[in-house]
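S.K.: Next up, query.csv (CSV, C-alpha atoms).
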chain,number,residue,atom,x,y,z
S,1,MET,CA,-49.7,-36.5,123.2
S,2,ARG,CA,-46.7,-34.7,121.7
S,3,MET,CA,-48.8,-33.8,118.7
S,4,LEU,CA,-51.5,-32.3,121.0
S,5,TRP,CA,-48.9,-30.1,122.7
S,6,ARG,CA,-47.6,-28.9,119.3
S,7,LYS,CA,-51.1,-28.2,117.9
S,8,ASP,CA,-52.1,-26.3,121.0
S,9,TRP,CA,-48.9,-24.2,120.9
S,10,LEU,CA,-49.4,-23.4,117.2
S,11,GLU,CA,-53.0,-22.2,117.9
S,12,THR,CA,-52.0,-20.0,120.8
S,13,ARG,CA,-48.5,-18.8,120.0
S,14,TRP,CA,-49.5,-15.5,118.5
S,15,ARG,CA,-51.6,-14.5,121.5
S,16,PHE,CA,-48.7,-15.5,123.7
S,17,ALA,CA,-46.1,-13.7,121.6
S,18,ILE,CA,-48.1,-10.5,121.4
S,19,GLY,CA,-48.7,-10.6,125.2
S,20,PHE,CA,-45.0,-11.1,125.9
S,21,ALA,CA,-43.9,-8.3,123.6
S,22,VAL,CA,-46.5,-5.9,125.0
S,23,LEU,CA,-45.6,-6.6,128.6
S,24,ALA,CA,-41.8,-6.5,128.0
S,25,CYS,CA,-42.0,-3.2,126.1
S,26,MET,CA,-44.2,-1.7,128.8
S,27,ALA,CA,-41.7,-2.7,131.4
S,28,VAL,CA,-38.8,-1.2,129.5
S,29,ALA,CA,-40.7,2.0,129.0
S,30,ALA,CA,-41.5,2.2,132.7
S,31,ILE,CA,-37.8,1.9,133.6
S,32,LEU,CA,-36.6,4.5,131.1
S,33,GLY,CA,-39.4,6.9,132.1
S,34,TYR,CA,-38.6,6.8,135.9
S,35,PRO,CA,-35.8,9.5,135.7
S,36,GLN,CA,-38.3,12.0,134.2
S,37,VAL,CA,-40.8,11.1,137.0
S,38,LYS,CA,-38.1,11.9,139.6
S,39,LYS,CA,-37.6,15.3,138.1
S,40,LEU,CA,-41.3,16.2,138.4
S,41,LEU,CA,-41.6,15.2,142.1
S,42,PRO,CA,-40.3,18.5,143.4
S,43,LEU,CA,-43.2,20.3,141.6
S,44,ILE,CA,-45.8,18.5,143.7
S,45,THR,CA,-47.1,20.8,146.4
S,46,ASP,CA,-49.8,20.9,149.0
S,47,ARG,CA,-52.0,23.2,147.1
S,48,TYR,CA,-54.7,20.5,146.6
S,49,PRO,CA,-56.8,20.2,149.7
S,50,GLY,CA,-59.1,17.3,150.8
S,51,GLU,CA,-59.1,13.8,149.5
S,52,LEU,CA,-57.6,14.7,146.1
S,53,GLY,CA,-54.6,16.3,147.8
S,54,ARG,CA,-54.1,13.4,150.1
S,55,ARG,CA,-54.1,10.9,147.2
S,56,ILE,CA,-51.7,13.1,145.2
S,57,ARG,CA,-49.3,13.3,148.1
S,58,GLU,CA,-49.6,9.6,148.8
S,59,GLY,CA,-48.9,8.7,145.2
S,60,ALA,CA,-45.9,11.0,145.1
S,61,ASP,CA,-44.5,9.5,148.3
S,62,LEU,CA,-44.8,6.0,146.8
S,63,VAL,CA,-42.9,6.9,143.6
S,64,ARG,CA,-40.0,8.6,145.3
S,65,THR,CA,-38.4,5.2,145.3
S,66,PHE,CA,-37.9,3.0,142.3
S,67,ARG,CA,-39.5,0.0,144.0
S,68,GLY,CA,-42.6,2.1,144.8
S,69,PHE,CA,-42.7,3.5,141.3
S,70,VAL,CA,-42.7,0.0,139.8
S,71,TRP,CA,-45.5,-1.1,142.0
S,72,VAL,CA,-47.7,1.9,141.4
S,73,GLN,CA,-47.1,2.5,137.7
S,74,TRP,CA,-46.5,-1.0,136.4
S,75,ILE,CA,-47.7,-3.7,138.7
S,76,ARG,CA,-50.8,-2.1,140.1
S,77,GLN,CA,-51.9,-0.7,136.8
S,78,ASN,CA,-50.4,-1.9,133.5
S,79,CYS,CA,-49.3,-5.4,134.5
S,80,SER,CA,-52.5,-6.4,136.2
S,81,GLN,CA,-54.6,-5.2,133.4
S,82,MET,CA,-52.6,-6.9,130.7
S,83,ILE,CA,-52.4,-10.2,132.6
S,84,ILE,CA,-56.2,-10.2,132.9
S,85,LEU,CA,-56.6,-9.5,129.2
S,86,PHE,CA,-54.2,-12.2,128.0
S,87,ALA,CA,-55.3,-14.8,130.5
S,88,ALA,CA,-58.8,-14.4,129.0
S,89,LEU,CA,-57.4,-14.5,125.5
S,90,LEU,CA,-55.4,-17.7,126.2
S,91,GLY,CA,-58.3,-19.3,128.0
S,92,THR,CA,-60.7,-18.7,125.1
S,93,ALA,CA,-58.5,-20.7,122.7
S,94,GLY,CA,-60.8,-23.6,123.2
S,95,VAL,CA,-61.1,-26.9,121.3
S,96,THR,CA,-64.8,-26.8,120.3
S,97,SER,CA,-65.0,-24.2,117.5
S,98,PRO,CA,-65.1,-25.6,114.0
S,99,SER,CA,-63.5,-22.4,112.7
S,100,ARG,CA,-60.3,-23.2,114.8
S,101,GLY,CA,-60.1,-26.9,113.8
S,102,GLY,CA,-62.1,-28.0,116.8
S,103,LEU,CA,-64.0,-30.8,115.0
S,104,PHE,CA,-60.7,-32.2,113.7
S,105,THR,CA,-59.3,-32.2,117.2
S,106,LEU,CA,-62.3,-34.1,118.5
S,107,SER,CA,-61.8,-36.8,115.9
S,108,LEU,CA,-58.3,-37.6,117.3
S,109,PRO,CA,-58.0,-41.0,119.2
S,110,VAL,CA,-57.6,-39.4,122.6
S,111,SER,CA,-60.1,-38.7,125.4
S,112,ARG,CA,-61.8,-35.4,125.8
S,113,ARG,CA,-60.3,-35.2,129.3
S,114,ARG,CA,-56.8,-35.3,127.8
S,115,LEU,CA,-57.7,-32.8,125.1
S,116,ALA,CA,-58.9,-30.3,127.7
S,117,GLY,CA,-56.0,-31.0,130.0
S,118,THR,CA,-53.4,-30.5,127.3
S,119,ARG,CA,-55.0,-27.3,126.1
S,120,ALA,CA,-55.2,-25.9,129.6
S,121,ALA,CA,-51.7,-26.9,130.5
S,122,THR,CA,-50.3,-25.2,127.4
S,123,GLY,CA,-52.2,-22.0,128.1
S,124,LEU,CA,-51.2,-22.0,131.8
S,125,ALA,CA,-47.5,-22.5,130.8
S,126,GLU,CA,-47.7,-19.5,128.5
S,127,LEU,CA,-49.5,-17.5,131.2
S,128,ALA,CA,-46.7,-18.4,133.7
S,129,VAL,CA,-44.1,-17.0,131.3
S,130,LEU,CA,-46.2,-13.8,130.9
S,131,ALA,CA,-46.5,-13.4,134.7
S,132,PHE,CA,-42.8,-14.1,135.6
S,133,ALA,CA,-40.6,-13.1,132.7
S,134,PRO,CA,-41.5,-9.4,132.1
S,135,PRO,CA,-41.0,-8.5,135.8
S,136,LEU,CA,-37.5,-9.8,135.6
S,137,VAL,CA,-36.7,-6.9,133.2
S,138,PHE,CA,-36.6,-4.6,136.2
S,139,PRO,CA,-33.7,-6.1,138.1
S,140,LEU,CA,-31.9,-6.6,134.8
S,141,LEU,CA,-32.2,-3.1,133.4
S,142,ALA,CA,-32.6,-1.0,136.6
S,143,PRO,CA,-28.8,-0.4,136.8
S,144,VAL,CA,-29.0,1.4,133.4
S,145,ILE,CA,-30.7,4.3,135.2
S,146,GLY,CA,-28.7,3.9,138.4
S,147,GLU,CA,-31.4,2.1,140.3
S,148,ARG,CA,-31.8,-1.4,141.9
S,149,TYR,CA,-34.7,-3.8,142.0
S,150,ALA,CA,-34.7,-7.1,143.9
S,151,VAL,CA,-35.3,-10.4,142.0
S,152,ALA,CA,-37.4,-11.5,145.0
S,153,ASP,CA,-39.8,-8.6,144.3
S,154,SER,CA,-40.1,-9.7,140.7
S,155,LEU,CA,-40.8,-13.3,141.6
S,156,ALA,CA,-43.3,-12.4,144.4
S,157,HIS,CA,-45.3,-10.1,142.2
S,158,GLY,CA,-45.1,-12.7,139.4
S,159,LEU,CA,-46.6,-15.3,141.7
S,160,CYS,CA,-49.4,-13.1,142.7
S,161,ALA,CA,-50.3,-12.2,139.1
S,162,PHE,CA,-50.1,-15.8,138.0
S,163,ALA,CA,-52.3,-17.0,140.8
S,164,VAL,CA,-55.2,-14.7,140.0
S,165,GLY,CA,-54.5,-15.0,136.2
S,166,THR,CA,-54.9,-18.8,136.5
S,167,ALA,CA,-58.4,-18.4,137.9
S,168,ILE,CA,-59.3,-15.9,135.1
S,169,PHE,CA,-57.8,-18.3,132.5
S,170,GLU,CA,-59.9,-21.2,133.8
S,171,LEU,CA,-63.0,-19.1,133.9
S,172,ALA,CA,-62.5,-18.2,130.2
S,173,PHE,CA,-61.7,-21.8,129.5
S,174,LEU,CA,-64.9,-23.0,131.1
S,175,LEU,CA,-66.9,-20.4,129.1
S,176,SER,CA,-65.2,-21.5,125.9
S,177,THR,CA,-66.6,-25.0,126.4
S,178,ALA,CA,-70.1,-23.5,126.5
S,179,PHE,CA,-69.9,-21.3,123.4
S,180,ASP,CA,-68.7,-22.1,119.9
S,181,ASP,CA,-67.3,-18.7,119.1
S,182,ARG,CA,-64.3,-16.9,120.7
S,183,TRP,CA,-65.9,-13.5,121.5
S,184,LYS,CA,-68.7,-14.4,123.9
S,185,PRO,CA,-66.5,-16.2,126.4
S,186,LEU,CA,-63.9,-13.4,126.1
S,187,LEU,CA,-66.3,-10.6,126.7
S,188,VAL,CA,-68.1,-12.4,129.5
S,189,THR,CA,-64.8,-13.2,131.3
S,190,LEU,CA,-63.6,-9.6,131.0
S,191,GLY,CA,-67.1,-8.4,132.2
S,192,ILE,CA,-66.9,-10.6,135.3
S,193,ALA,CA,-63.4,-9.4,136.0
S,194,ALA,CA,-64.5,-5.8,135.7
S,195,ALA,CA,-67.5,-6.3,138.0
S,196,VAL,CA,-65.3,-8.0,140.6
S,197,GLY,CA,-62.9,-5.1,140.5
S,198,LEU,CA,-65.6,-2.5,140.7
S,199,ALA,CA,-67.2,-4.2,143.7
S,200,GLU,CA,-63.8,-4.3,145.4
S,201,TYR,CA,-63.2,-0.6,144.7
S,202,VAL,CA,-66.7,0.5,145.8
S,203,THR,CA,-66.8,-1.5,149.0
S,204,ARG,CA,-63.2,-0.6,149.9
S,205,LEU,CA,-62.9,-4.1,151.3
S,206,PRO,CA,-59.9,-5.7,149.4
S,207,PHE,CA,-60.7,-9.2,150.7
S,208,LEU,CA,-64.0,-9.2,148.8
S,209,GLY,CA,-62.0,-9.2,145.5
S,210,VAL,CA,-59.0,-10.8,144.0
S,211,PHE,CA,-57.1,-7.8,142.7
S,212,HIS,CA,-55.7,-7.0,146.1
S,213,VAL,CA,-54.0,-10.4,145.8
S,214,MET,CA,-53.1,-9.8,142.2
S,215,ILE,CA,-51.1,-6.6,142.7
S,216,GLY,CA,-49.3,-8.1,145.7
S,217,GLU,CA,-49.9,-5.1,148.0
S,218,ASP,CA,-49.1,-7.2,151.1
S,219,TRP,CA,-45.7,-8.1,149.7
S,220,PHE,CA,-45.0,-4.5,148.7
S,221,ARG,CA,-45.9,-3.0,152.1
S,222,ALA,CA,-44.9,-5.8,154.5
S,223,ARG,CA,-43.0,-8.3,152.3
S,224,GLU,CA,-45.6,-10.9,153.1
S,225,LEU,CA,-47.2,-13.1,150.4
S,226,PRO,CA,-51.0,-13.2,150.5
S,227,TRP,CA,-51.0,-17.0,150.9
S,228,ILE,CA,-54.7,-17.2,151.7
S,229,GLY,CA,-55.7,-15.3,148.6
S,230,ILE,CA,-53.2,-17.3,146.5
S,231,LEU,CA,-54.6,-20.6,147.7
S,232,ALA,CA,-58.2,-19.5,147.4
S,233,THR,CA,-57.7,-18.4,143.7
S,234,GLY,CA,-55.8,-21.7,143.1
S,235,ALA,CA,-58.8,-23.7,144.5
S,236,ALA,CA,-61.2,-21.6,142.4
S,237,ALA,CA,-59.1,-22.4,139.3
S,238,ILE,CA,-59.2,-26.2,140.1
S,239,LEU,CA,-63.0,-26.1,140.5
S,240,LEU,CA,-63.4,-24.1,137.2
S,241,HIS,CA,-61.2,-26.5,135.4
S,242,GLY,CA,-63.1,-29.5,136.7
S,243,ALA,CA,-66.4,-27.8,135.5
S,244,ALA,CA,-64.8,-27.1,132.1
S,245,VAL,CA,-63.8,-30.7,131.6
S,246,TRP,CA,-67.2,-32.0,132.7
S,247,ASN,CA,-69.0,-29.6,130.4
S,248,PHE,CA,-66.6,-30.5,127.5
S,249,ARG,CA,-67.1,-34.2,128.0
S,250,ARG,CA,-70.9,-34.0,128.1
S,251,ARG,CA,-71.4,-31.8,125.0
S,252,ASP,CA,-72.7,-33.4,121.8
S,253,PHE,CA,-70.7,-32.2,118.8
What do you get writing this file as structure tokens?

M.R.:
Amino acid sequence: MRMLWRKDWLETRWRFAIGFAVLACMAVAAILGYPQVKKLLPLITDRYPGELGRRIREGADLVRTFRGFVWVQWIRQNCSQMIILFAALLGTAGVTSPSRGGLFTLSLPVSRRRLAGTRAATGLAELAVLAFAPPLVFPLLAPVIGERYAVADSLAHGLCAFAVGTAIFELAFLLSTAFDDRWKPLLVTLGIAAAVGLAEYVTRLPFLGVFHVMIGEDWFRARELPWIGILATGAAAILLHGAAVWNFRRRDF
């Protein structure tokens, strides 16, 4: 069992390391860039009429506080996009591709259920670090620019990102048991995520999609965790994992 954990870590460590470095650097850049954003706020006027002007003013009002800036600039945009990407990348590190040692793995004296479970557990542990660790940069470094950011906010948004990221990971993992190459499951997963996000944006009904949960808007505006959405995405992840294990066990290699 220990050998499986080590093998899975060695096969996914670079995806994880790159994801961690990218998210951490983006968080630091957001913190250091906030003072410049504050200087530009007085330049925003009411010269833009209609819906465009309303959105500009709404965005300006949100970023007047450091907490609002972090949510608008980092959590709602950069963090959510990167978590989706790296959840898909970690999920597509499957065990079936001959080019990645999949046939050797299948020859080991362990059940396919354990192989799939260990690979998924390794990927989800890495995803949890990506979801929770970079947001903690904000309460640690905010005093550098004379601001404060609550640890509770970092943990709450990390939980929301991890909950949705888990479902995306398991979708990619399921697709990786159906294809022998890494690109098809990755592209299909990202395509499905984009379609869901587009449907949510077009309908203007957040509960139809998962990204309202992912960005933790309920926590930001009312300090309430979207437990229904978190539990729903968790249930979806469990079902997807079960389907992945079933498909992996039935395939003839």

S.K.: Please list as an MDAnalysis selection string every residue within 12 Å of Leu127 in chain S, counting all atoms listed in the file and excluding residues in the same chain fewer than 5 positions away.

M.R.: chainID S and resid 12:13 15:17 19:20 23 82:91 120:122 132:134 158:159 161:170

S.K.: Take the residues just selected and output them with C-alpha atoms as an mmCIF file, keeping the file's coordinate frame.

M.R.:
data_model
loop_
_atom_site.group_PDB
_atom_site.id
_atom_site.type_symbol
_atom_site.label_atom_id
_atom_site.label_comp_id
_atom_site.auth_asym_id
_atom_site.auth_seq_id
_atom_site.Cartn_x
_atom_site.Cartn_y
_atom_site.Cartn_z
ATOM 1 C CA THR S 12 -52.000 -20.000 120.800
ATOM 2 C CA ARG S 13 -48.500 -18.800 120.000
ATOM 3 C CA ARG S 15 -51.600 -14.500 121.500
ATOM 4 C CA PHE S 16 -48.700 -15.500 123.700
ATOM 5 C CA ALA S 17 -46.100 -13.700 121.600
ATOM 6 C CA GLY S 19 -48.700 -10.600 125.200
ATOM 7 C CA PHE S 20 -45.000 -11.100 125.900
ATOM 8 C CA LEU S 23 -45.600 -6.600 128.600
ATOM 9 C CA MET S 82 -52.600 -6.900 130.700
ATOM 10 C CA ILE S 83 -52.400 -10.200 132.600
ATOM 11 C CA ILE S 84 -56.200 -10.200 132.900
ATOM 12 C CA LEU S 85 -56.600 -9.500 129.200
ATOM 13 C CA PHE S 86 -54.200 -12.200 128.000
ATOM 14 C CA ALA S 87 -55.300 -14.800 130.500
ATOM 15 C CA ALA S 88 -58.800 -14.400 129.000
ATOM 16 C CA LEU S 89 -57.400 -14.500 125.500
ATOM 17 C CA LEU S 90 -55.400 -17.700 126.200
ATOM 18 C CA GLY S 91 -58.300 -19.300 128.000
ATOM 19 C CA ALA S 120 -55.200 -25.900 129.600
ATOM 20 C CA ALA S 121 -51.700 -26.900 130.500
ATOM 21 C CA THR S 122 -50.300 -25.200 127.400
ATOM 22 C CA PHE S 132 -42.800 -14.100 135.600
ATOM 23 C CA ALA S 133 -40.600 -13.100 132.700
ATOM 24 C CA PRO S 134 -41.500 -9.400 132.100
ATOM 25 C CA GLY S 158 -45.100 -12.700 139.400
ATOM 26 C CA LEU S 159 -46.600 -15.300 141.700
ATOM 27 C CA ALA S 161 -50.300 -12.200 139.100
ATOM 28 C CA PHE S 162 -50.100 -15.800 138.000
ATOM 29 C CA ALA S 163 -52.300 -17.000 140.800
ATOM 30 C CA VAL S 164 -55.200 -14.700 140.000
ATOM 31 C CA GLY S 165 -54.500 -15.000 136.200
ATOM 32 C CA THR S 166 -54.900 -18.800 136.500
ATOM 33 C CA ALA S 167 -58.400 -18.400 137.900
ATOM 34 C CA ILE S 168 -59.300 -15.900 135.100
ATOM 35 C CA PHE S 169 -57.800 -18.300 132.500
ATOM 36 C CA GLU S 170 -59.900 -21.200 133.800
#

S.K.: May I have the residues at most 12 Å from (-65.5, -32.0, 133.2) in the file's coordinates, counting all atoms listed in the file, as a ChimeraX atom specification?

M.R.: /S:111-117,173-174,177-178,238-251

S.K.: Report, in Å to a single decimal, how far apart CA of Val22 in chain S and CA of Trp71 in chain S are.

M.R.: 17.7 Å

S.K.: Restricting the calculation to all atoms listed in the file, which member of S:Ala128, S:Leu171, S:Ala60, S:Val210 is positioned closest to Leu155 in chain S?

M.R.: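 Going through S:Ala128, S:Leu171, S:Ala60, S:Val210 one by one, the smallest distance to Leu155 in chain S is for S:Ala128.
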
S.K.: Using all atoms listed in the file, can you tell me which of S:Ile31, S:Ala195, S:Ala21, S:Leu141 comes closest to Trp74 in chain S?

M.R.: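 Result for the nearest residue to Trp74 in chain S: S:Ile31.
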
S.K.: Rounded to one decimal place, report the CA of Gly123 in chain S-CA of Ala150 in chain S distance in Å.

M.R.: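 Separating CA of Gly123 in chain S from CA of Ala150 in chain S is a distance of 27.9 Å.
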
S.K.: Separation of CA of Asp61 in chain S and CA of Glu224 in chain S, in Å?

M.R.: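 Answer for the CA of Asp61 in chain S to CA of Glu224 in chain S separation: 21.0 Å.
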
S.K.: Restricting the calculation to all atoms listed in the file, which member of S:Leu4, S:Val213, S:Leu198, S:Leu62 is positioned closest to Ile228 in chain S?

M.R.: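 Going through S:Leu4, S:Val213, S:Leu198, S:Leu62 one by one, the smallest distance to Ile228 in chain S is for S:Val213.
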
S.K.: Leaving out Lys38 in chain S and any residue of its chain fewer than 5 positions from it, which residues lie within 9 Å of it when counting all atoms listed in the file, given as an MDAnalysis selection string?

M.R.: chainID S and resid 63:65

S.K.: I'd like to know which of S:Glu217, S:Asp181, S:Val72, S:Ser80 is closest to Gly197 in chain S, using all atoms listed in the file.

M.R.: S:Ser80

S.K.: Return the single residue from S:Ala93, S:Pro42, S:Glu11, S:Trp5 that is closest to Arg182 in chain S, with distances computed using all atoms listed in the file.

M.R.: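 Among the listed residues, S:Ala93 lies closest to Arg182 in chain S.
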
S.K.: Around all listed atoms of range 32-35 of chain S, padded 5 Å per side, what centre and edge lengths does the axis-aligned box have in Å to one decimal, as lines of an AutoDock Vina configuration file?

M.R.:
center_x = -37.6
center_y = 7.0
center_z = 133.5
size_x = 13.6
size_y = 15.0
size_z = 14.8
